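Scroll down for the structure; my scribbles are underneath it.
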Amino acid sequence: LRGLDELTLHHYLHRVLRALESLDSLQIKWPSEDEFAKLLKKQATWPFARLRKVVCAIDGTEISVARPTVGAIKNAHYSAKKKQYALNVLVVVRLDGFIIYCSDPQAKMNDQGFWLESNLRANFVDKPYGIVADGGFTLNYKDKKRSMENIISFTPHKRPRRTKSNPERGRLTDVQKRENVEISKTRVVVENTNRRLKIYKVLGSKLRHYWPGREGLSEKGITPRLIVRVVAGLTNRAILRSPIRSIDWVPEMVTDADLLSMEGSEDEVENDEDFDKDE
């Protein structure tokens, strides 16, 4: 490669990425109803009875980018969550880790915003199967003004806000804790898949092929969208070769140790100083 200048090498890489993107074996495809039916049948033996209709998990992951130079663009790309400039990608996987949906990278887009913009909810309306997510998602609304047809979905119970008038409100019940652990054991596979994506250094380190001012122009070069699509396809190929979970894998039942491990996180009670300020 020493005999190639930077521009020529860039053109070669672009052509290779375009060729990989066009391969049918690397396409990210939403499963058919028959495929979902097979996944649902497999879930009939899932140890957590309430989650036996869950066939996929959803989560977002951030891709670090270099700090943009223009102030307005710079602010639009800053992620307060991880204190870095980043693009967010939304991923939906089967419970064996295989990716069935991967969004285009976007700046300043949180997980819930992605869920609403992509309209993935429509794929689960009036379906016998559902989806599981972390606490960053609101998959079903209770507010009548924002009423939508409910889908089969599960997210962790959030700890109620504790007040002086109701000091016991700030605790989760043992049943809620157990259900949260069950959800965590089920959806951890999407975290493992996101980690597989980051094994590729182009996404695991700071993404260099990104120019914020070119979003409206035609994609003639190496873009984050092109990179993410190719890496997701290659990740699926690797997962088929070396699955995150074996076909017969099932999570262990929830133990008392699992419940105790939650005491310092979701169910942690505020200290006295915070409690005094809380109304």
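Labels used: A, B, ... for chains in the order of the structure tokens, numbers from 1 for residues in each chain, and numbers from 1 for ligands as shown.
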Give me the residues near Gly233 in chain A as an MDAnalysis selection string, where near means some atom within 9 Å (using only C-alpha atoms) and where sequence neighbours in that chain fewer than 5 positions away do not count. chainID A and resid 20:21 25:28 99 228 238
List every residue of range 87-192 of chain A that DSSP, applied to the backbone, labels as strand (DSSP E), and write the result as a list in words.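 Of range 87-192 of chain A, the ones in strand (DSSP E) are Leu87, Asn88, Val89, Leu90, Val91, Val92, Val93, Arg94, Ile99, Ile100, Tyr101, Cys102, Gly130, Ile131, Val132, Ser153 and Phe154 of chain A.
Using only C-alpha atoms, the residues found no farther than 8 Å from range 180-188 of chain A, other than those of its own chain fewer than 4 positions away, are Phe48, Leu51, Ala57, Ile58, Leu95, Val132, Ala133, Asp134, Phe154, Thr155, Pro156, His157, Gln176, Asn192, Pro251, Val254, Asp258 and Leu259 of chain A.
Distances here use only C-alpha atoms; by that measure, the residue among A:Arg208, A:Arg52, A:Arg237, A:Lys198 closest to Val89 in chain A is A:Lys198.
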Within range 123-191 of chain A, find each residue whose DSSP state, derived from the backbone, is helix (DSSP H, G or I), and express the selection as a PDB file with C-alpha atoms, in the first residue's frame.
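Result written to out35.pdb:
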```pdb
ATOM      1  CA  ASN A 123     -44.352  -4.085  13.061  1.00  0.00           C
ATOM      2  CA  LYS A 144     -55.150   8.623  26.697  1.00  0.00           C
ATOM      3  CA  LYS A 145     -54.098  11.716  24.762  1.00  0.00           C
ATOM      4  CA  ARG A 146     -51.172   9.773  23.313  1.00  0.00           C
ATOM      5  CA  PRO A 167     -41.842   7.319  52.177  1.00  0.00           C
ATOM      6  CA  GLU A 168     -42.428   3.695  51.114  1.00  0.00           C
ATOM      7  CA  ARG A 169     -43.145   4.718  47.536  1.00  0.00           C
ATOM      8  CA  GLY A 170     -39.455   4.856  46.675  1.00  0.00           C
ATOM      9  CA  ASP A 174     -39.929  -8.111  45.390  1.00  0.00           C
ATOM     10  CA  VAL A 175     -42.156  -9.081  42.462  1.00  0.00           C
ATOM     11  CA  GLN A 176     -41.072  -5.997  40.496  1.00  0.00           C
ATOM     12  CA  LYS A 177     -37.422  -6.704  41.272  1.00  0.00           C
ATOM     13  CA  ARG A 178     -37.801 -10.289  40.066  1.00  0.00           C
ATOM     14  CA  GLU A 179     -39.470  -9.136  36.858  1.00  0.00           C
ATOM     15  CA  ASN A 180     -36.678  -6.609  36.259  1.00  0.00           C
ATOM     16  CA  VAL A 181     -34.050  -9.335  36.595  1.00  0.00           C
ATOM     17  CA  GLU A 182     -35.993 -11.545  34.176  1.00  0.00           C
ATOM     18  CA  ILE A 183     -36.089  -8.702  31.645  1.00  0.00           C
ATOM     19  CA  SER A 184     -32.377  -8.070  32.148  1.00  0.00           C
ATOM     20  CA  LYS A 185     -31.488 -11.733  31.580  1.00  0.00           C
ATOM     21  CA  THR A 186     -33.600 -11.768  28.411  1.00  0.00           C
ATOM     22  CA  ARG A 187     -32.414  -8.520  26.806  1.00  0.00           C
ATOM     23  CA  VAL A 188     -28.697  -8.809  27.637  1.00  0.00           C
ATOM     24  CA  VAL A 189     -28.194 -10.404  24.217  1.00  0.00           C
ATOM     25  CA  VAL A 190     -28.632  -7.040  22.471  1.00  0.00           C
ATOM     26  CA  GLU A 191     -25.804  -5.624  24.605  1.00  0.00           C
TER      27      GLU A 191
END
```
Taking only C-alpha atoms into account, name the residue in A:Pro31, A:Leu90, A:Ala66, A:Gly135 that is nearest to Gly113 in chain A.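 Distance minimum relative to Gly113 in chain A lands on A:Leu90.
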Residues within 12 Å of Ser103 in chain A, please, as a ChimeraX atom specification. Count only C-alpha atoms; anything in the same chain fewer than 6 positions from it doesn't count. /A:28-29,58-62,87-92,109,111,114-115,117-120,224-229,232
Write a file of the just-selected residues containing N, CA and C atoms, as a PDB file, in the first residue's frame.
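Result file follows (again.pdb):
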```pdb
ATOM      1  N   ILE A  28     -29.324  -6.659   5.977  1.00  0.00           N
ATOM      2  CA  ILE A  28     -30.082  -6.733   7.223  1.00  0.00           C
ATOM      3  C   ILE A  28     -31.561  -6.746   6.845  1.00  0.00           C
ATOM      4  N   LYS A  29     -32.249  -7.853   7.134  1.00  0.00           N
ATOM      5  CA  LYS A  29     -33.633  -8.015   6.697  1.00  0.00           C
ATOM      6  C   LYS A  29     -34.551  -8.274   7.890  1.00  0.00           C
ATOM      7  N   ILE A  58     -34.355  -4.689  21.747  1.00  0.00           N
ATOM      8  CA  ILE A  58     -33.962  -3.449  21.084  1.00  0.00           C
ATOM      9  C   ILE A  58     -33.091  -2.619  22.015  1.00  0.00           C
ATOM     10  N   ASP A  59     -32.117  -1.924  21.427  1.00  0.00           N
ATOM     11  CA  ASP A  59     -31.267  -1.022  22.206  1.00  0.00           C
ATOM     12  C   ASP A  59     -30.508  -0.107  21.252  1.00  0.00           C
ATOM     13  N   GLY A  60     -30.039   0.996  21.770  1.00  0.00           N
ATOM     14  CA  GLY A  60     -29.218   1.909  20.995  1.00  0.00           C
ATOM     15  C   GLY A  60     -27.770   1.828  21.428  1.00  0.00           C
ATOM     16  N   THR A  61     -26.870   2.204  20.548  1.00  0.00           N
ATOM     17  CA  THR A  61     -25.448   2.245  20.878  1.00  0.00           C
ATOM     18  C   THR A  61     -24.825   3.473  20.239  1.00  0.00           C
ATOM     19  N   GLU A  62     -23.849   4.050  20.907  1.00  0.00           N
ATOM     20  CA  GLU A  62     -23.215   5.271  20.427  1.00  0.00           C
ATOM     21  C   GLU A  62     -21.902   4.961  19.712  1.00  0.00           C
ATOM     22  N   LEU A  87     -22.530   9.604  17.304  1.00  0.00           N
ATOM     23  CA  LEU A  87     -23.734   9.299  16.537  1.00  0.00           C
ATOM     24  C   LEU A  87     -24.401   8.097  17.197  1.00  0.00           C
ATOM     25  N   ASN A  88     -25.714   8.060  17.157  1.00  0.00           N
ATOM     26  CA  ASN A  88     -26.433   6.958  17.783  1.00  0.00           C
ATOM     27  C   ASN A  88     -26.996   6.021  16.722  1.00  0.00           C
ATOM     28  N   VAL A  89     -26.978   4.724  17.027  1.00  0.00           N
ATOM     29  CA  VAL A  89     -27.502   3.701  16.123  1.00  0.00           C
ATOM     30  C   VAL A  89     -28.472   2.829  16.910  1.00  0.00           C
ATOM     31  N   LEU A  90     -29.624   2.560  16.332  1.00  0.00           N
ATOM     32  CA  LEU A  90     -30.628   1.708  16.968  1.00  0.00           C
ATOM     33  C   LEU A  90     -30.555   0.309  16.371  1.00  0.00           C
ATOM     34  N   VAL A  91     -30.511  -0.699  17.242  1.00  0.00           N
ATOM     35  CA  VAL A  91     -30.346  -2.088  16.806  1.00  0.00           C
ATOM     36  C   VAL A  91     -31.456  -2.949  17.398  1.00  0.00           C
ATOM     37  N   VAL A  92     -32.055  -3.794  16.555  1.00  0.00           N
ATOM     38  CA  VAL A  92     -33.024  -4.803  17.007  1.00  0.00           C
ATOM     39  C   VAL A  92     -32.454  -6.167  16.669  1.00  0.00           C
ATOM     40  N   MET A 109     -29.875  11.918  18.770  1.00  0.00           N
ATOM     41  CA  MET A 109     -31.090  11.117  18.707  1.00  0.00           C
ATOM     42  C   MET A 109     -31.026  10.057  19.802  1.00  0.00           C
ATOM     43  N   ASP A 111     -32.669   6.950  22.314  1.00  0.00           N
ATOM     44  CA  ASP A 111     -33.291   5.675  21.966  1.00  0.00           C
ATOM     45  C   ASP A 111     -34.792   5.827  21.703  1.00  0.00           C
ATOM     46  N   PHE A 114     -35.486   7.521  18.408  1.00  0.00           N
ATOM     47  CA  PHE A 114     -35.282   6.572  17.312  1.00  0.00           C
ATOM     48  C   PHE A 114     -36.496   5.653  17.148  1.00  0.00           C
ATOM     49  N   TRP A 115     -37.000   5.153  18.280  1.00  0.00           N
ATOM     50  CA  TRP A 115     -38.140   4.240  18.267  1.00  0.00           C
ATOM     51  C   TRP A 115     -39.354   4.893  17.606  1.00  0.00           C
ATOM     52  N   GLU A 117     -39.331   7.679  15.566  1.00  0.00           N
ATOM     53  CA  GLU A 117     -39.072   8.104  14.192  1.00  0.00           C
ATOM     54  C   GLU A 117     -39.081   6.933  13.220  1.00  0.00           C
ATOM     55  N   SER A 118     -38.552   5.807  13.633  1.00  0.00           N
ATOM     56  CA  SER A 118     -38.466   4.642  12.751  1.00  0.00           C
ATOM     57  C   SER A 118     -39.809   3.925  12.585  1.00  0.00           C
ATOM     58  N   ASN A 119     -40.773   4.219  13.495  1.00  0.00           N
ATOM     59  CA  ASN A 119     -42.100   3.583  13.449  1.00  0.00           C
ATOM     60  C   ASN A 119     -42.004   2.060  13.501  1.00  0.00           C
ATOM     61  N   LEU A 120     -41.066   1.562  14.286  1.00  0.00           N
ATOM     62  CA  LEU A 120     -40.942   0.114  14.453  1.00  0.00           C
ATOM     63  C   LEU A 120     -42.142  -0.489  15.171  1.00  0.00           C
ATOM     64  N   PRO A 224     -20.736   7.217   7.469  1.00  0.00           N
ATOM     65  CA  PRO A 224     -21.102   6.368   8.610  1.00  0.00           C
ATOM     66  C   PRO A 224     -22.202   5.362   8.262  1.00  0.00           C
ATOM     67  N   ARG A 225     -23.166   5.777   7.456  1.00  0.00           N
ATOM     68  CA  ARG A 225     -24.252   4.868   7.068  1.00  0.00           C
ATOM     69  C   ARG A 225     -23.698   3.643   6.337  1.00  0.00           C
ATOM     70  N   LEU A 226     -22.790   3.868   5.394  1.00  0.00           N
ATOM     71  CA  LEU A 226     -22.200   2.771   4.636  1.00  0.00           C
ATOM     72  C   LEU A 226     -21.398   1.853   5.552  1.00  0.00           C
ATOM     73  N   ILE A 227     -20.615   2.438   6.430  1.00  0.00           N
ATOM     74  CA  ILE A 227     -19.778   1.649   7.337  1.00  0.00           C
ATOM     75  C   ILE A 227     -20.638   0.800   8.270  1.00  0.00           C
ATOM     76  N   VAL A 228     -21.675   1.400   8.866  1.00  0.00           N
ATOM     77  CA  VAL A 228     -22.520   0.680   9.821  1.00  0.00           C
ATOM     78  C   VAL A 228     -23.242  -0.478   9.133  1.00  0.00           C
ATOM     79  N   ARG A 229     -23.744  -0.267   7.927  1.00  0.00           N
ATOM     80  CA  ARG A 229     -24.453  -1.325   7.214  1.00  0.00           C
ATOM     81  C   ARG A 229     -23.527  -2.509   6.908  1.00  0.00           C
ATOM     82  N   ALA A 232     -22.560  -4.243  10.266  1.00  0.00           N
ATOM     83  CA  ALA A 232     -23.687  -5.020  10.790  1.00  0.00           C
ATOM     84  C   ALA A 232     -23.851  -6.322  10.023  1.00  0.00           C
TER      85      ALA A 232
END
```
Selection near range 42-46 of chain A, 8 Å with only C-alpha atoms, sequence-local residues under 6 positions removed, as a list in words: Arg52, Lys53, Val54, Val55 and Val250 of chain A
Would you mind exporting C-alpha atoms of the selected residues as a CSV table (one decimal), in the first residue's frame?
```
chain,number,residue,atom,x,y,z
A,52,ARG,CA,-42.6,-16.3,26.3
A,53,LYS,CA,-44.0,-14.0,23.6
A,54,VAL,CA,-40.9,-11.9,23.4
A,55,VAL,CA,-38.9,-12.7,20.2
A,250,VAL,CA,-32.0,-20.7,28.3
```
Which polymer residues have any atom within 8 Å of an atom of Gln112 in chain A, counting only C-alpha atoms, with same-chain residues fewer than 2 positions away left out, as a PyMOL selection string? chain A and resi 110+114-116+136-138
Give me a file of those residues, with all heavy atoms, as a PDB file, in the first residue's frame.
```
ATOM      1  N   ASN A 110     -31.888  10.182  20.804  1.00  0.00           N
ATOM      2  CA  ASN A 110     -31.882   9.192  21.872  1.00  0.00           C
ATOM      3  C   ASN A 110     -32.680   7.956  21.453  1.00  0.00           C
ATOM      4  O   ASN A 110     -33.308   7.915  20.392  1.00  0.00           O
ATOM      5  CB  ASN A 110     -32.432   9.787  23.172  1.00  0.00           C
ATOM      6  CG  ASN A 110     -33.857  10.311  23.020  1.00  0.00           C
ATOM      7  OD1 ASN A 110     -34.618   9.835  22.180  1.00  0.00           O
ATOM      8  ND2 ASN A 110     -34.213  11.296  23.822  1.00  0.00           N
ATOM      9  N   PHE A 114     -35.486   7.521  18.408  1.00  0.00           N
ATOM     10  CA  PHE A 114     -35.282   6.572  17.312  1.00  0.00           C
ATOM     11  C   PHE A 114     -36.496   5.653  17.148  1.00  0.00           C
ATOM     12  O   PHE A 114     -36.956   5.377  16.044  1.00  0.00           O
ATOM     13  CB  PHE A 114     -34.043   5.716  17.583  1.00  0.00           C
ATOM     14  CG  PHE A 114     -32.875   6.068  16.710  1.00  0.00           C
ATOM     15  CD1 PHE A 114     -31.613   6.206  17.258  1.00  0.00           C
ATOM     16  CD2 PHE A 114     -33.020   6.238  15.355  1.00  0.00           C
ATOM     17  CE1 PHE A 114     -30.523   6.516  16.460  1.00  0.00           C
ATOM     18  CE2 PHE A 114     -31.934   6.541  14.550  1.00  0.00           C
ATOM     19  CZ  PHE A 114     -30.688   6.678  15.106  1.00  0.00           C
ATOM     20  N   TRP A 115     -37.000   5.153  18.280  1.00  0.00           N
ATOM     21  CA  TRP A 115     -38.140   4.240  18.267  1.00  0.00           C
ATOM     22  C   TRP A 115     -39.354   4.893  17.606  1.00  0.00           C
ATOM     23  O   TRP A 115     -40.054   4.284  16.806  1.00  0.00           O
ATOM     24  CB  TRP A 115     -38.448   3.812  19.686  1.00  0.00           C
ATOM     25  CG  TRP A 115     -39.759   3.117  19.889  1.00  0.00           C
ATOM     26  CD1 TRP A 115     -40.905   3.638  20.418  1.00  0.00           C
ATOM     27  CD2 TRP A 115     -40.066   1.747  19.579  1.00  0.00           C
ATOM     28  NE1 TRP A 115     -41.897   2.702  20.453  1.00  0.00           N
ATOM     29  CE2 TRP A 115     -41.419   1.528  19.949  1.00  0.00           C
ATOM     30  CE3 TRP A 115     -39.339   0.699  19.019  1.00  0.00           C
ATOM     31  CZ2 TRP A 115     -42.041   0.292  19.791  1.00  0.00           C
ATOM     32  CZ3 TRP A 115     -39.965  -0.529  18.860  1.00  0.00           C
ATOM     33  CH2 TRP A 115     -41.303  -0.721  19.243  1.00  0.00           C
ATOM     34  N   LEU A 116     -39.595   6.160  17.935  1.00  0.00           N
ATOM     35  CA  LEU A 116     -40.743   6.868  17.378  1.00  0.00           C
ATOM     36  C   LEU A 116     -40.536   7.212  15.904  1.00  0.00           C
ATOM     37  O   LEU A 116     -41.442   7.053  15.087  1.00  0.00           O
ATOM     38  CB  LEU A 116     -41.012   8.139  18.188  1.00  0.00           C
ATOM     39  CG  LEU A 116     -41.405   7.937  19.655  1.00  0.00           C
ATOM     40  CD1 LEU A 116     -41.522   9.277  20.365  1.00  0.00           C
ATOM     41  CD2 LEU A 116     -42.705   7.150  19.760  1.00  0.00           C
ATOM     42  N   GLY A 136     -34.857   3.027  28.937  1.00  0.00           N
ATOM     43  CA  GLY A 136     -34.808   4.221  28.103  1.00  0.00           C
ATOM     44  C   GLY A 136     -35.928   4.296  27.084  1.00  0.00           C
ATOM     45  O   GLY A 136     -36.052   5.291  26.375  1.00  0.00           O
ATOM     46  N   PHE A 137     -36.737   3.246  27.010  1.00  0.00           N
ATOM     47  CA  PHE A 137     -37.820   3.203  26.032  1.00  0.00           C
ATOM     48  C   PHE A 137     -39.181   3.261  26.713  1.00  0.00           C
ATOM     49  O   PHE A 137     -39.354   2.736  27.825  1.00  0.00           O
ATOM     50  CB  PHE A 137     -37.757   1.907  25.210  1.00  0.00           C
ATOM     51  CG  PHE A 137     -36.587   1.829  24.275  1.00  0.00           C
ATOM     52  CD1 PHE A 137     -35.366   1.329  24.703  1.00  0.00           C
ATOM     53  CD2 PHE A 137     -36.707   2.240  22.952  1.00  0.00           C
ATOM     54  CE1 PHE A 137     -34.291   1.242  23.846  1.00  0.00           C
ATOM     55  CE2 PHE A 137     -35.636   2.149  22.079  1.00  0.00           C
ATOM     56  CZ  PHE A 137     -34.424   1.658  22.526  1.00  0.00           C
ATOM     57  N   THR A 138     -40.128   3.891  26.056  1.00  0.00           N
ATOM     58  CA  THR A 138     -41.539   3.817  26.422  1.00  0.00           C
ATOM     59  C   THR A 138     -42.250   3.209  25.217  1.00  0.00           C
ATOM     60  O   THR A 138     -42.525   3.890  24.237  1.00  0.00           O
ATOM     61  CB  THR A 138     -42.116   5.207  26.743  1.00  0.00           C
ATOM     62  OG1 THR A 138     -41.366   5.789  27.815  1.00  0.00           O
ATOM     63  CG2 THR A 138     -43.582   5.106  27.142  1.00  0.00           C
TER      64      THR A 138
END
```
Mind giving me the straight-line distance from CA of Arg161 in chain A to CA of Lys81 in chain A in Å, one decimal?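 About the pair CA of Arg161 in chain A and CA of Lys81 in chain A: they are 21.6 Å apart.
Residue nearest Val93 in chain A within the list A:Arg121, A:Asn236, A:Cys56, A:Asn194: A:Cys56 [criterion: smallest interatomic distance, only C-alpha atoms].
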Atomic distance CA of Arg15 in chain A - CA of Gly3 in chain A, expressed in Å with one decimal: 18.5 Å
Judged by only C-alpha atoms, the minimum distance to Phe36 in chain A among A:Leu4, A:Leu203, A:Ile100, A:Ala122 is found for A:Ile100
